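Asks: Please see the structure below; I have some questions.
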Amino acid sequence: MSSTDTPVLQTRNLTRRFGGYSAVSNVDLTIRRGTIHALIGPNGAGKTTLFNLMTGVLPPTEGQIIIDGVDVSGSRPDSIARRGVVRTFQGVRLFPSMTALENVEVGRFSRTRGGFLTALARVPGLATPTEAATRRRAEELLERVGLSARRNVLATELALADQRRLEIARALAVDPKLLLLDEPVAGMNPVEVQEAARLFKSLLDDGITILITEHHMSLVMAISDVISVMNYGRKIAEGPPEAVKRDPEVLAAYLGTEAAA
Ligand SMILES: Nc1ncnc2c1ncn2[C@@H]1O[C@H](COP(=O)(O)OP(=O)(O)OP(=O)(O)O)[C@@H](O)[C@H]1O
């Protein structure tokens, strides 16, 4: 089904209600292959709910989610991950008592073997060819995100920015075609944000498409090809950064003249 023209992910009329409240309302999104697409909006706009819908954590109330031309609405998270849509989380969710390398190996095992518990059980005694290949790939991924030197450090002992890199390496271990980054630079200093921006852009060269939610506006403006803006569950604007930051509805709803300057 997939060709270079088929969007990597589309939502059509996507709606999620909690009781009578519409957290996401009739959202149509098209994520084009090979782009960095940002999803922004004020707190409570519905961005996290949209991520949860796209990754199968929540079923839609109405509407469709289409990955590579296939309607996956209502599919479970593992099935969506197998189709190449993988996310990181707003708060870091690593295994604290495992090293950086082991965290990536677990991500890889959960793709190549019989699931998560097997993965956890197998990590200490690496022996078979599959396990050796898993280790090699995990090492490559740590190199990819600039964490090779810290491979044997426990996840909890890494600085926040390195934990975020590690989360990305673990997500890459699942071989995503669409990587969803949920506030990936929150709490980083300006130098770390710049390094993260370089890493995100470099992932495009690996054939990965990125959907990012972030409150860090200068990062969003610098790296995004397309920005979709949400407010009260609805998509209120969409376009390249230059157009979005001049959109009067966006300015009124969210950015404010100061932030957009
Ligand atoms: N499980 C739930 N039950 C009830 N209401 C919910 C639930 N999840 C989200 N909401 C509501 O839906 C709205 C959208 O929330 P959501 O977390 O998607 O916003 P957001 O744009 O991600 O915000 P933030 O930028 O603060 O992360 C909010 O009003 C929230 O209170």
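Residue numbering restarts at 1 in every chain; chains get A, B, ... in the order shown in the structure tokens, and ligands count up from 1 in that same order.
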Show me a table, sorted first by chain and then by increasing residue number, of the residues of chain A having an atom at most 6 Å from ligand 1, each with its shortest atom pair and the distance in Å to one decimal, counting only C-alpha atoms and all ligand atoms and written as a Markdown table.
Replies:
| residue | atom | partner | partner_atom_place_in_ligand_line | distance |
| --- | --- | --- | --- | --- |
| A:Phe18 | CA | ligand 1 | 4 (C) | 4.9 |
| A:Ala23 | CA | ligand 1 | 12 (O) | 4.1 |
| A:Pro42 | CA | ligand 1 | 25 (O) | 5.8 |
| A:Asn43 | CA | ligand 1 | 26 (O) | 3.5 |
| A:Gly44 | CA | ligand 1 | 19 (O) | 3.3 |
| A:Ala45 | CA | ligand 1 | 21 (O) | 3.7 |
| A:Gly46 | CA | ligand 1 | 18 (O) | 3.2 |
| A:Lys47 | CA | ligand 1 | 21 (O) | 3.8 |
| A:Thr48 | CA | ligand 1 | 22 (O) | 3.5 |
| A:Thr49 | CA | ligand 1 | 18 (O) | 3.7 |
Asks: Determine, for each residue of region 164-231 of chain A having at least one atom at most 7 Å from an atom of region 237-252 of chain A, the closest pair of atoms and their separation in Å to one decimal, counting only C-alpha atoms; order by chain and ascending number, as a tab-separated table.
Replies:
residue	atom	partner	partner_atom	distance
A:Met221	CA	A:Pro241	CA	5.4
A:Ser224	CA	A:Pro241	CA	6.9
A:Asp225	CA	A:Pro240	CA	5.8
A:Val226	CA	A:Pro240	CA	4.6
A:Ile227	CA	A:Gly239	CA	5.5
A:Ser228	CA	A:Glu238	CA	4.3
A:Val229	CA	A:Ala237	CA	5.1
Asks: Can you spit out the residues from that selection as a short mmCIF file (atom, residue, chain, number, x, y, z; two decimals), in the first residue's frame, using C-alpha atoms?
Replies:
data_model
loop_
_atom_site.label_atom_id
_atom_site.label_comp_id
_atom_site.auth_asym_id
_atom_site.auth_seq_id
_atom_site.Cartn_x
_atom_site.Cartn_y
_atom_site.Cartn_z
CA MET A 221 9.69 27.16 14.39
CA SER A 224 9.24 21.99 11.48
CA ASP A 225 8.16 21.62 7.86
CA VAL A 226 4.49 21.85 8.84
CA ILE A 227 2.80 22.99 12.03
CA SER A 228 -0.75 22.05 13.01
CA VAL A 229 -2.26 24.17 15.76
#
Asks: For a quick check of understanding, using only C-alpha atoms, which of A:Gly107, A:Gly233, A:Pro176, A:Gly187 has the smallest distance to Asn13 (chain A)?
Replies: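 Using only C-alpha atoms, the shortest distance to Asn13 (chain A) belongs to A:Gly233.
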Asks: Measure the distance from CA of Val104 (chain A) to CA of Gly34 (chain A) in Å and round it to one decimal.
Replies: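 Calculated distance between CA of Val104 (chain A) and CA of Gly34 (chain A) is 24.1 Å.
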Asks: For CA of Leu147 (chain A) and CA of Ala100 (chain A), quote the distance in Å rounded to one decimal.
Replies: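 Between CA of Leu147 (chain A) and CA of Ala100 (chain A) the gap works out to 8.2 Å.
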